[in-house]
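Okay, input-v9.cif now, which holds mmCIF, C-alpha atoms and all ligand atoms:
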data_target
loop_
_atom_site.label_atom_id
_atom_site.label_comp_id
_atom_site.auth_asym_id
_atom_site.auth_seq_id
_atom_site.Cartn_x
_atom_site.Cartn_y
_atom_site.Cartn_z
CA MET N 1 8.23 1.05 -23.62
CA PRO N 2 10.29 -1.08 -21.17
CA ASN N 3 9.21 -4.57 -20.18
CA TYR N 4 7.95 -4.56 -16.63
CA LYS N 5 7.58 -7.51 -14.28
CA LEU N 6 6.22 -6.93 -10.79
CA THR N 7 6.77 -9.70 -8.27
CA TYR N 8 4.60 -9.78 -5.17
CA PHE N 9 2.38 -12.13 -3.20
CA ASP N 10 -0.87 -13.41 -4.68
CA PHE N 11 -3.51 -11.25 -3.05
CA HIS N 12 -5.22 -7.90 -3.69
CA GLY N 13 -3.34 -5.74 -1.22
CA GLY N 14 -0.09 -5.11 0.53
CA ARG N 15 2.97 -3.25 -0.62
CA GLY N 16 2.69 -4.40 -4.22
CA GLU N 17 -0.90 -3.35 -4.81
CA PRO N 18 -0.31 0.41 -5.33
CA VAL N 19 2.17 -0.47 -8.08
CA ARG N 20 -0.26 -2.85 -9.81
CA LEU N 21 -2.92 -0.16 -9.60
CA ALA N 22 -0.64 2.61 -10.86
CA PHE N 23 0.47 0.64 -13.94
CA SER N 24 -3.09 -0.37 -14.64
CA ILE N 25 -4.48 3.17 -14.25
CA GLY N 26 -1.68 4.48 -16.46
CA GLY N 27 -2.34 1.85 -19.14
CA ILE N 28 1.18 0.41 -18.82
CA PRO N 29 1.30 -3.34 -19.40
CA PHE N 30 3.29 -5.38 -16.89
CA GLU N 31 3.82 -9.02 -16.03
CA ASP N 32 1.97 -9.59 -12.76
CA ASP N 33 4.15 -12.24 -11.12
CA ARG N 34 2.16 -13.43 -8.10
CA ILE N 35 4.13 -15.70 -5.79
CA PRO N 36 2.16 -18.37 -3.92
CA PHE N 37 3.17 -18.12 -0.24
CA ALA N 38 4.39 -21.74 -0.41
CA GLU N 39 7.01 -20.77 -2.99
CA TRP N 40 8.37 -17.74 -1.14
CA GLY N 41 11.12 -19.61 0.73
CA ALA N 42 12.71 -20.67 -2.53
CA ARG N 43 12.57 -17.17 -4.03
CA LYS N 44 13.42 -14.94 -1.08
CA GLN N 45 17.20 -15.13 -1.48
CA GLY N 46 16.94 -14.05 -5.09
CA THR N 47 15.52 -10.63 -4.16
CA PRO N 48 17.73 -7.61 -3.35
CA PHE N 49 16.64 -7.30 0.30
CA GLY N 50 14.95 -10.66 0.90
CA SER N 51 11.53 -9.09 0.40
CA VAL N 52 8.87 -8.17 -2.14
CA PRO N 53 7.67 -6.20 -4.03
CA VAL N 54 10.36 -6.30 -6.67
CA LEU N 55 10.03 -4.59 -10.03
CA GLU N 56 12.08 -5.75 -13.00
CA ILE N 57 12.54 -3.14 -15.69
CA ASP N 58 14.02 -4.66 -18.85
CA GLY N 59 15.75 -7.19 -16.61
CA GLN N 60 17.08 -4.64 -14.10
CA THR N 61 15.80 -5.11 -10.56
CA LEU N 62 14.32 -2.51 -8.22
CA SER N 63 13.09 -3.20 -4.71
CA GLN N 64 11.63 -1.21 -1.77
CA SER N 65 7.95 -0.51 -2.21
CA ASN N 66 8.03 3.26 -1.97
CA ALA N 67 10.88 3.52 -4.48
CA ILE N 68 8.90 1.27 -6.83
CA SER N 69 5.70 3.25 -6.26
CA ARG N 70 7.49 6.52 -7.03
CA TYR N 71 8.99 5.00 -10.17
CA ALA N 72 5.62 3.65 -11.29
CA GLY N 73 4.02 6.99 -10.37
CA ARG N 74 6.50 8.89 -12.53
CA GLN N 75 5.85 6.56 -15.48
CA THR N 76 2.09 6.96 -15.17
CA GLY N 77 1.59 10.62 -14.13
CA LEU N 78 0.58 9.51 -10.63
CA TYR N 79 3.56 11.12 -8.86
CA PRO N 80 3.84 14.92 -8.90
CA SER N 81 6.69 16.67 -10.69
CA ASP N 82 6.44 19.59 -8.25
CA ALA N 83 8.98 19.03 -5.45
CA TRP N 84 6.66 20.03 -2.61
CA ALA N 85 3.74 17.94 -3.83
CA ALA N 86 6.11 15.00 -4.36
CA ALA N 87 7.41 15.39 -0.79
CA LEU N 88 3.85 15.31 0.54
CA CYS N 89 3.33 12.04 -1.32
CA ASP N 90 6.53 10.65 0.20
CA GLU N 91 5.45 11.71 3.67
CA ALA N 92 2.14 9.82 3.45
CA MET N 93 3.75 6.74 1.90
CA ASP N 94 6.49 6.64 4.54
CA ALA N 95 3.90 6.98 7.31
CA VAL N 96 2.05 3.99 5.86
CA GLU N 97 5.35 2.08 5.85
CA ASP N 98 5.75 2.83 9.58
CA VAL N 99 2.37 1.20 10.21
CA LEU N 100 3.03 -1.77 7.90
CA THR N 101 6.35 -2.42 9.61
CA GLU N 102 4.61 -2.54 13.00
CA ILE N 103 1.95 -4.91 11.70
CA GLY N 104 4.52 -7.01 9.83
CA GLY N 105 6.40 -7.51 13.08
CA THR N 106 3.38 -9.30 14.54
CA LEU N 107 2.62 -11.69 11.68
CA PHE N 108 4.64 -14.68 12.80
CA LEU N 109 4.55 -14.25 16.58
CA PRO N 110 3.18 -17.00 18.81
CA GLU N 111 -0.54 -16.43 19.38
CA GLU N 112 -0.38 -14.92 22.89
CA GLU N 113 2.42 -12.55 21.98
CA LYS N 114 0.66 -11.59 18.76
CA LYS N 115 -2.51 -10.79 20.67
CA ALA N 116 -0.65 -8.61 23.18
CA ARG N 117 1.35 -6.76 20.51
CA ARG N 118 -1.68 -6.14 18.31
CA GLU N 119 -3.84 -4.99 21.20
CA ALA N 120 -1.08 -2.55 22.12
CA LEU N 121 -0.92 -1.33 18.52
CA ALA N 122 -4.71 -0.88 18.45
CA ALA N 123 -4.60 1.07 21.70
CA GLY N 124 -1.96 3.57 20.60
CA PRO N 125 0.25 3.63 17.53
CA ILE N 126 -2.31 2.70 14.87
CA PRO N 127 -5.01 5.21 15.93
CA PHE N 128 -2.23 7.78 16.28
CA TYR N 129 -1.01 7.22 12.72
CA LEU N 130 -4.53 7.15 11.33
CA ALA N 131 -5.45 10.39 13.06
CA ARG N 132 -2.25 12.08 11.90
CA LEU N 133 -2.70 10.83 8.33
CA GLN N 134 -6.21 12.24 8.45
CA GLN N 135 -4.81 15.59 9.63
CA ARG N 136 -2.34 15.62 6.75
CA LEU N 137 -5.17 14.85 4.31
CA GLU N 138 -7.21 17.73 5.75
CA ALA N 139 -4.19 20.06 5.64
CA ASN N 140 -3.86 19.34 1.92
CA GLY N 141 -7.47 20.08 1.06
CA GLY N 142 -9.22 16.95 2.35
CA ARG N 143 -9.61 15.04 -0.91
CA TYR N 144 -6.14 13.77 -1.84
CA PHE N 145 -2.77 13.72 -0.10
CA ALA N 146 -0.99 15.92 -2.66
CA ASP N 147 -1.60 17.99 -5.77
CA ASP N 148 -5.39 17.80 -5.28
CA ARG N 149 -5.53 14.69 -7.45
CA LEU N 150 -5.00 10.94 -7.27
CA THR N 151 -1.37 9.95 -6.73
CA VAL N 152 0.44 6.80 -5.64
CA ALA N 153 0.23 8.13 -2.06
CA ASP N 154 -3.57 7.90 -2.19
CA LEU N 155 -3.32 4.35 -3.51
CA LYS N 156 -0.97 3.33 -0.70
CA VAL N 157 -3.07 4.89 2.07
CA ALA N 158 -6.26 3.39 0.62
CA ILE N 159 -4.76 -0.11 0.57
CA LEU N 160 -3.79 0.31 4.23
CA ILE N 161 -7.33 1.39 5.15
CA ARG N 162 -8.74 -1.63 3.31
CA LEU N 163 -6.39 -3.94 5.22
CA LEU N 164 -7.23 -2.43 8.60
CA SER N 165 -10.97 -2.47 7.88
CA SER N 166 -10.96 -6.01 6.55
CA GLY N 167 -11.15 -7.85 9.87
CA MET N 168 -8.44 -10.17 8.57
CA LEU N 169 -5.95 -9.10 11.21
CA ASP N 170 -6.91 -10.79 14.47
CA HIS N 171 -6.95 -8.49 17.51
CA LEU N 172 -7.06 -5.32 15.40
CA PRO N 173 -10.71 -4.19 15.45
CA ALA N 174 -12.02 -3.69 11.92
CA ASP N 175 -13.78 -0.46 12.94
CA LEU N 176 -10.52 1.22 13.98
CA PRO N 177 -10.30 3.39 10.81
CA LYS N 178 -13.99 4.35 10.99
CA LYS N 179 -13.73 5.28 14.66
CA THR N 180 -10.43 7.11 14.59
CA ALA N 181 -10.18 8.55 11.07
CA PRO N 182 -13.54 8.61 9.26
CA GLN N 183 -12.17 10.93 6.61
CA LEU N 184 -9.66 8.27 5.64
CA VAL N 185 -12.56 5.88 5.12
CA GLU N 186 -14.21 8.48 2.85
CA HIS N 187 -10.88 8.91 1.11
CA TYR N 188 -10.76 5.14 0.58
CA SER N 189 -14.18 5.28 -1.14
CA ARG N 190 -12.98 8.20 -3.28
CA VAL N 191 -9.96 6.18 -4.41
CA MET N 192 -12.07 3.08 -5.07
CA ASP N 193 -14.45 5.21 -7.17
CA ASP N 194 -11.64 6.32 -9.44
CA PRO N 195 -12.46 4.94 -12.92
CA GLY N 196 -8.99 3.44 -13.31
CA VAL N 197 -9.18 1.68 -9.94
CA LYS N 198 -12.69 0.43 -10.71
CA ALA N 199 -11.59 -0.88 -14.11
CA TYR N 200 -8.64 -2.72 -12.55
CA TYR N 201 -10.73 -4.60 -10.02
CA ALA N 202 -13.55 -5.22 -12.51
CA LYS N 203 -11.04 -6.84 -14.88
CA LEU N 204 -9.88 -9.13 -12.08
CA GLY N 205 -13.43 -9.84 -10.91
CA ALA N 206 -12.55 -8.59 -7.43
CA GLU N 207 -15.22 -7.03 -5.25
CA PHE N 208 -14.64 -4.87 -2.18
N1 LIG Y 1 10.92 -2.01 3.22
C1 LIG Y 1 10.43 -3.04 2.35
C2 LIG Y 1 9.66 -4.05 3.17
C3 LIG Y 1 9.24 -5.20 2.30
C4 LIG Y 1 8.52 -6.30 3.05
O1 LIG Y 1 8.67 -6.48 4.27
N2 LIG Y 1 7.74 -7.06 2.29
C5 LIG Y 1 7.03 -8.19 2.83
C6 LIG Y 1 5.71 -8.34 2.11
S1 LIG Y 1 4.68 -6.93 2.25
C7 LIG Y 1 7.86 -9.44 2.61
O2 LIG Y 1 8.59 -9.56 1.65
N3 LIG Y 1 7.71 -10.41 3.52
C8 LIG Y 1 8.35 -11.71 3.44
C9 LIG Y 1 9.65 -11.77 4.14
O3 LIG Y 1 10.12 -10.74 4.69
O4 LIG Y 1 10.25 -12.85 4.12
C10 LIG Y 1 9.56 -2.43 1.26
O5 LIG Y 1 8.97 -1.36 1.49
O6 LIG Y 1 9.46 -3.00 0.17
#
Go ahead and express the file in the form of C-alpha cells.
Amino acid sequence: MPNYKLTYFDFHGGRGEPVRLAFSIGGIPFEDDRIPFAEWGARKQGTPFGSVPVLEIDGQTLSQSNAISRYAGRQTGLYPSDAWAAALCDEAMDAVEDVLTEIGGTLFLPEEEKKARREALAAGPIPFYLARLQQRLEANGGRYFADDRLTVADLKVAILIRLLSSGMLDHLPADLPKKTAPQLVEHYSRVMDDPGVKAYYAKLGAEF
C-alpha cells in the first residue's frame, strides 16, 4: 500500500475533510498533516497551486480537492466504476466547489463588503445551489447522489451542509439549508449515521 500524507488546515471540515473521511472509512492509513493557520504563509508556496488540500502519494504530490477525492474514492470503493454514476458524483462535487469558491471569495473582505457579499449570496446563489443539489439528489433516488450508496460526493455535500448550518459564517443564516433544501439536511444525517463516518469522529472525539 502506498504511503499517504494529506495536508490541510486543522479543523473538521472544508475541502480536505471528504478525503480524511474516505481514507478512514476505507481503512486506509494516512498521515493527517494539519497545518495551523499561522503556518500557512510559510507553506503556501510549496504547494502546486498555492492551496490545500494536497495529497502526497509515496512522495508524489496531487492537489485540487475533487481530483484528490476521486483518487481517494477509487482507492476506497467510494467512487463508482460505472461511468454514468461517476459523472453524477463529479457533478455534485463540482457544484459544491462552485459554492465554496463563492464563500471563499468573501473570507478576507473588509467587514462591510463581506456583509454585503454574503447577504447577496444568501439571497440568491446559495439557496439556488442548495435547491438544485436537492433536485439532483431526488432525481437519483433521494438517498445518495450516485449509485444508491455512499460515495465521496455524499461526503463533500454533507460537509458543505454542516458548514452552512454551523452559524460560523457571519451573515449567512444557519437555517438556510433547512429552509431551502430540507432533504439535504436529511441527507447530512444519513451520511453522519454511516458507521464509518461515526467511527471516524468518535476516534477524534468530535461531536456534531
Ligand atoms: N480549487 C482548489 C481550491 C483550493 C482552496 O482554495 N483551498 C483553500 C482552503 S479550502 C486554501 O488553500 N486557502 C488558502 C489560500 O488560498 O491561501 C481545490 O479544489 O482544491
If the limit is 10 Å from any atom of ligand LIG 1 (chain Y), counting all atoms listed in the file, which residues qualify? Return them as a PDB file with C-alpha atoms, keeping the file's coordinate frame.
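Okay, pocket-v9.pdb is ready:
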ATOM      1  CA  TYR N   8       4.600  -9.780  -5.170  1.00  0.00           C
ATOM      2  CA  PHE N   9       2.380 -12.130  -3.200  1.00  0.00           C
ATOM      3  CA  GLY N  13      -3.340  -5.740  -1.220  1.00  0.00           C
ATOM      4  CA  GLY N  14      -0.090  -5.110   0.530  1.00  0.00           C
ATOM      5  CA  ARG N  15       2.970  -3.250  -0.620  1.00  0.00           C
ATOM      6  CA  GLY N  16       2.690  -4.400  -4.220  1.00  0.00           C
ATOM      7  CA  GLU N  17      -0.900  -3.350  -4.810  1.00  0.00           C
ATOM      8  CA  PHE N  37       3.170 -18.120  -0.240  1.00  0.00           C
ATOM      9  CA  TRP N  40       8.370 -17.740  -1.140  1.00  0.00           C
ATOM     10  CA  GLY N  41      11.120 -19.610   0.730  1.00  0.00           C
ATOM     11  CA  ARG N  43      12.570 -17.170  -4.030  1.00  0.00           C
ATOM     12  CA  LYS N  44      13.420 -14.940  -1.080  1.00  0.00           C
ATOM     13  CA  GLN N  45      17.200 -15.130  -1.480  1.00  0.00           C
ATOM     14  CA  THR N  47      15.520 -10.630  -4.160  1.00  0.00           C
ATOM     15  CA  PHE N  49      16.640  -7.300   0.300  1.00  0.00           C
ATOM     16  CA  GLY N  50      14.950 -10.660   0.900  1.00  0.00           C
ATOM     17  CA  SER N  51      11.530  -9.090   0.400  1.00  0.00           C
ATOM     18  CA  VAL N  52       8.870  -8.170  -2.140  1.00  0.00           C
ATOM     19  CA  PRO N  53       7.670  -6.200  -4.030  1.00  0.00           C
ATOM     20  CA  VAL N  54      10.360  -6.300  -6.670  1.00  0.00           C
ATOM     21  CA  LEU N  62      14.320  -2.510  -8.220  1.00  0.00           C
ATOM     22  CA  SER N  63      13.090  -3.200  -4.710  1.00  0.00           C
ATOM     23  CA  GLN N  64      11.630  -1.210  -1.770  1.00  0.00           C
ATOM     24  CA  SER N  65       7.950  -0.510  -2.210  1.00  0.00           C
ATOM     25  CA  ASN N  66       8.030   3.260  -1.970  1.00  0.00           C
ATOM     26  CA  ALA N  67      10.880   3.520  -4.480  1.00  0.00           C
ATOM     27  CA  ILE N  68       8.900   1.270  -6.830  1.00  0.00           C
ATOM     28  CA  SER N  69       5.700   3.250  -6.260  1.00  0.00           C
ATOM     29  CA  MET N  93       3.750   6.740   1.900  1.00  0.00           C
ATOM     30  CA  ASP N  94       6.490   6.640   4.540  1.00  0.00           C
ATOM     31  CA  VAL N  96       2.050   3.990   5.860  1.00  0.00           C
ATOM     32  CA  GLU N  97       5.350   2.080   5.850  1.00  0.00           C
ATOM     33  CA  ASP N  98       5.750   2.830   9.580  1.00  0.00           C
ATOM     34  CA  LEU N 100       3.030  -1.770   7.900  1.00  0.00           C
ATOM     35  CA  THR N 101       6.350  -2.420   9.610  1.00  0.00           C
ATOM     36  CA  GLY N 104       4.520  -7.010   9.830  1.00  0.00           C
ATOM     37  CA  GLY N 105       6.400  -7.510  13.080  1.00  0.00           C
ATOM     38  CA  LEU N 107       2.620 -11.690  11.680  1.00  0.00           C
TER      39      LEU N 107
END
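Across the structure, CA of Cys89 in chain N and CA of Ala146 in chain N are spaced 6.0 Å apart.
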Have a look at CA of His12 in chain N and CA of Pro110 in chain N and let me know their distance in Å, one decimal. 25.7 Å
Using all atoms listed in the file, give me every residue within 12 Å of (-13.4, -1.2, 15.9) in file coordinates, as a list of chain:residue names. N:Glu119, N:Ala122, N:Ala123, N:Ile126, N:Pro127, N:Leu164, N:Ser165, N:Ser166, N:Gly167, N:Leu169, N:Asp170, N:His171, N:Leu172, N:Pro173, N:Ala174, N:Asp175, N:Leu176, N:Pro177, N:Lys178, N:Lys179, N:Thr180, N:Ala181, N:Pro182
Would you pick out the contacts of Gln135 in chain N at 12 Å or less, using all atoms listed in the file, so that residues sharing its chain but fewer than 2 positions from it are not included, and give the list as a PDB file with C-alpha atoms, in the coordinates of the input?
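Wrote selection.pdb, looks like this:
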ATOM      1  CA  ALA N  92       2.140   9.820   3.450  1.00  0.00           C
ATOM      2  CA  PHE N 128      -2.230   7.780  16.280  1.00  0.00           C
ATOM      3  CA  TYR N 129      -1.010   7.220  12.720  1.00  0.00           C
ATOM      4  CA  LEU N 130      -4.530   7.150  11.330  1.00  0.00           C
ATOM      5  CA  ALA N 131      -5.450  10.390  13.060  1.00  0.00           C
ATOM      6  CA  ARG N 132      -2.250  12.080  11.900  1.00  0.00           C
ATOM      7  CA  LEU N 133      -2.700  10.830   8.330  1.00  0.00           C
ATOM      8  CA  LEU N 137      -5.170  14.850   4.310  1.00  0.00           C
ATOM      9  CA  GLU N 138      -7.210  17.730   5.750  1.00  0.00           C
ATOM     10  CA  ALA N 139      -4.190  20.060   5.640  1.00  0.00           C
ATOM     11  CA  ASN N 140      -3.860  19.340   1.920  1.00  0.00           C
ATOM     12  CA  GLY N 141      -7.470  20.080   1.060  1.00  0.00           C
ATOM     13  CA  GLY N 142      -9.220  16.950   2.350  1.00  0.00           C
ATOM     14  CA  ARG N 143      -9.610  15.040  -0.910  1.00  0.00           C
ATOM     15  CA  TYR N 144      -6.140  13.770  -1.840  1.00  0.00           C
ATOM     16  CA  PHE N 145      -2.770  13.720  -0.100  1.00  0.00           C
ATOM     17  CA  THR N 180     -10.430   7.110  14.590  1.00  0.00           C
ATOM     18  CA  ALA N 181     -10.180   8.550  11.070  1.00  0.00           C
ATOM     19  CA  PRO N 182     -13.540   8.610   9.260  1.00  0.00           C
ATOM     20  CA  GLN N 183     -12.170  10.930   6.610  1.00  0.00           C
ATOM     21  CA  LEU N 184      -9.660   8.270   5.640  1.00  0.00           C
TER      22      LEU N 184
END
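Put simply, CA of Glu56 in chain N is 20.1 Å away from CA of Lys156 in chain N.
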Box along x, y and z, 4 Å on every side, all listed atoms of range 111-114 of chain N inside: centre and edge lengths in Å to one decimal, as AutoDock Vina command-line options.
--center_x 0.9 --center_y -14.0 --center_z 20.8 --size_x 11.0 --size_y 12.8 --size_z 12.1
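Closest approach to Pro18 in chain N from the set N:Asp82, N:Ala153, N:Pro125, N:Ala38 is made by N:Ala153, with distances taken over only C-alpha atoms.
The residue set within 7 Å of Asn3 in chain N, counting all atoms listed in the file and dropping same-chain residues fewer than 3 places from it, reads Phe30, Ile57 and Asp58 of chain N.
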Counting all atoms listed in the file, the residue of N:Arg190, N:Arg118, N:Asp147, N:Gly26 that sits nearest Trp84 in chain N: N:Asp147
As a PDB file, keeping the file's coordinate frame, could you write out range 97-108 of chain N once it has been completed with all heavy atoms?
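Listed below is the output, part-v6.pdb:
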ATOM      1  N   GLU N  97       4.304   3.083   5.606  1.00  0.00           N
ATOM      2  CA  GLU N  97       5.350   2.080   5.850  1.00  0.00           C
ATOM      3  C   GLU N  97       5.591   1.872   7.342  1.00  0.00           C
ATOM      4  O   GLU N  97       5.805   0.752   7.791  1.00  0.00           O
ATOM      5  CB  GLU N  97       6.668   2.490   5.168  1.00  0.00           C
ATOM      6  CG  GLU N  97       6.782   2.031   3.743  1.00  0.00           C
ATOM      7  CD  GLU N  97       6.560   0.533   3.581  1.00  0.00           C
ATOM      8  OE1 GLU N  97       7.239  -0.255   4.254  1.00  0.00           O
ATOM      9  OE2 GLU N  97       5.685   0.153   2.788  1.00  0.00           O
ATOM     10  N   ASP N  98       5.570   2.970   8.119  1.00  0.00           N
ATOM     11  CA  ASP N  98       5.750   2.830   9.580  1.00  0.00           C
ATOM     12  C   ASP N  98       4.701   1.871  10.136  1.00  0.00           C
ATOM     13  O   ASP N  98       5.004   0.998  10.954  1.00  0.00           O
ATOM     14  CB  ASP N  98       5.610   4.185  10.278  1.00  0.00           C
ATOM     15  CG  ASP N  98       6.807   5.108  10.055  1.00  0.00           C
ATOM     16  OD1 ASP N  98       7.808   4.645   9.477  1.00  0.00           O
ATOM     17  OD2 ASP N  98       6.727   6.289  10.469  1.00  0.00           O
ATOM     18  N   VAL N  99       3.459   2.046   9.696  1.00  0.00           N
ATOM     19  CA  VAL N  99       2.370   1.200  10.210  1.00  0.00           C
ATOM     20  C   VAL N  99       2.548  -0.241   9.725  1.00  0.00           C
ATOM     21  O   VAL N  99       2.421  -1.194  10.501  1.00  0.00           O
ATOM     22  CB  VAL N  99       0.986   1.751   9.758  1.00  0.00           C
ATOM     23  CG1 VAL N  99      -0.137   0.843  10.256  1.00  0.00           C
ATOM     24  CG2 VAL N  99       0.792   3.182  10.258  1.00  0.00           C
ATOM     25  N   LEU N 100       2.873  -0.407   8.441  1.00  0.00           N
ATOM     26  CA  LEU N 100       3.030  -1.770   7.900  1.00  0.00           C
ATOM     27  C   LEU N 100       4.168  -2.509   8.576  1.00  0.00           C
ATOM     28  O   LEU N 100       4.094  -3.722   8.802  1.00  0.00           O
ATOM     29  CB  LEU N 100       3.264  -1.711   6.381  1.00  0.00           C
ATOM     30  CG  LEU N 100       2.090  -1.227   5.531  1.00  0.00           C
ATOM     31  CD1 LEU N 100       2.488  -1.170   4.053  1.00  0.00           C
ATOM     32  CD2 LEU N 100       0.870  -2.136   5.703  1.00  0.00           C
ATOM     33  N   THR N 101       5.218  -1.776   8.929  1.00  0.00           N
ATOM     34  CA  THR N 101       6.350  -2.420   9.610  1.00  0.00           C
ATOM     35  C   THR N 101       5.918  -2.916  10.986  1.00  0.00           C
ATOM     36  O   THR N 101       6.275  -4.026  11.395  1.00  0.00           O
ATOM     37  CB  THR N 101       7.523  -1.420   9.722  1.00  0.00           C
ATOM     38  OG1 THR N 101       7.892  -1.025   8.403  1.00  0.00           O
ATOM     39  CG2 THR N 101       8.727  -2.045  10.405  1.00  0.00           C
ATOM     40  N   GLU N 102       5.128  -2.110  11.679  1.00  0.00           N
ATOM     41  CA  GLU N 102       4.610  -2.540  13.000  1.00  0.00           C
ATOM     42  C   GLU N 102       3.740  -3.789  12.850  1.00  0.00           C
ATOM     43  O   GLU N 102       3.875  -4.751  13.605  1.00  0.00           O
ATOM     44  CB  GLU N 102       3.772  -1.432  13.641  1.00  0.00           C
ATOM     45  CG  GLU N 102       4.558  -0.226  14.108  1.00  0.00           C
ATOM     46  CD  GLU N 102       5.344  -0.501  15.379  1.00  0.00           C
ATOM     47  OE1 GLU N 102       5.253  -1.599  15.930  1.00  0.00           O
ATOM     48  OE2 GLU N 102       6.074   0.405  15.810  1.00  0.00           O
ATOM     49  N   ILE N 103       2.844  -3.761  11.888  1.00  0.00           N
ATOM     50  CA  ILE N 103       1.950  -4.910  11.700  1.00  0.00           C
ATOM     51  C   ILE N 103       2.756  -6.129  11.255  1.00  0.00           C
ATOM     52  O   ILE N 103       2.570  -7.241  11.764  1.00  0.00           O
ATOM     53  CB  ILE N 103       0.836  -4.582  10.687  1.00  0.00           C
ATOM     54  CG1 ILE N 103      -0.076  -3.497  11.253  1.00  0.00           C
ATOM     55  CG2 ILE N 103       0.022  -5.838  10.338  1.00  0.00           C
ATOM     56  CD1 ILE N 103      -1.092  -2.953  10.269  1.00  0.00           C
ATOM     57  N   GLY N 104       3.688  -5.909  10.330  1.00  0.00           N
ATOM     58  CA  GLY N 104       4.520  -7.010   9.830  1.00  0.00           C
ATOM     59  C   GLY N 104       5.258  -7.718  10.951  1.00  0.00           C
ATOM     60  O   GLY N 104       5.420  -8.937  10.931  1.00  0.00           O
ATOM     61  N   GLY N 105       5.667  -6.943  11.948  1.00  0.00           N
ATOM     62  CA  GLY N 105       6.400  -7.510  13.080  1.00  0.00           C
ATOM     63  C   GLY N 105       5.554  -8.432  13.953  1.00  0.00           C
ATOM     64  O   GLY N 105       6.094  -9.137  14.809  1.00  0.00           O
ATOM     65  N   THR N 106       4.248  -8.436  13.735  1.00  0.00           N
ATOM     66  CA  THR N 106       3.380  -9.300  14.540  1.00  0.00           C
ATOM     67  C   THR N 106       2.984 -10.586  13.806  1.00  0.00           C
ATOM     68  O   THR N 106       2.426 -11.493  14.416  1.00  0.00           O
ATOM     69  CB  THR N 106       2.068  -8.577  14.928  1.00  0.00           C
ATOM     70  OG1 THR N 106       1.258  -8.392  13.742  1.00  0.00           O
ATOM     71  CG2 THR N 106       2.327  -7.238  15.585  1.00  0.00           C
ATOM     72  N   LEU N 107       3.235 -10.631  12.509  1.00  0.00           N
ATOM     73  CA  LEU N 107       2.620 -11.690  11.680  1.00  0.00           C
ATOM     74  C   LEU N 107       2.968 -13.104  12.132  1.00  0.00           C
ATOM     75  O   LEU N 107       2.118 -13.978  12.137  1.00  0.00           O
ATOM     76  CB  LEU N 107       3.018 -11.508  10.210  1.00  0.00           C
ATOM     77  CG  LEU N 107       2.367 -10.339   9.462  1.00  0.00           C
ATOM     78  CD1 LEU N 107       2.866 -10.270   8.034  1.00  0.00           C
ATOM     79  CD2 LEU N 107       0.847 -10.435   9.506  1.00  0.00           C
ATOM     80  N   PHE N 108       4.213 -13.309  12.522  1.00  0.00           N
ATOM     81  CA  PHE N 108       4.640 -14.680  12.800  1.00  0.00           C
ATOM     82  C   PHE N 108       4.934 -14.916  14.287  1.00  0.00           C
ATOM     83  O   PHE N 108       5.654 -15.837  14.650  1.00  0.00           O
ATOM     84  CB  PHE N 108       5.841 -15.048  11.914  1.00  0.00           C
ATOM     85  CG  PHE N 108       5.513 -14.892  10.455  1.00  0.00           C
ATOM     86  CD1 PHE N 108       6.017 -13.820   9.723  1.00  0.00           C
ATOM     87  CD2 PHE N 108       4.642 -15.774   9.833  1.00  0.00           C
ATOM     88  CE1 PHE N 108       5.680 -13.655   8.386  1.00  0.00           C
ATOM     89  CE2 PHE N 108       4.305 -15.622   8.493  1.00  0.00           C
ATOM     90  CZ  PHE N 108       4.821 -14.555   7.773  1.00  0.00           C
TER      91      PHE N 108
END
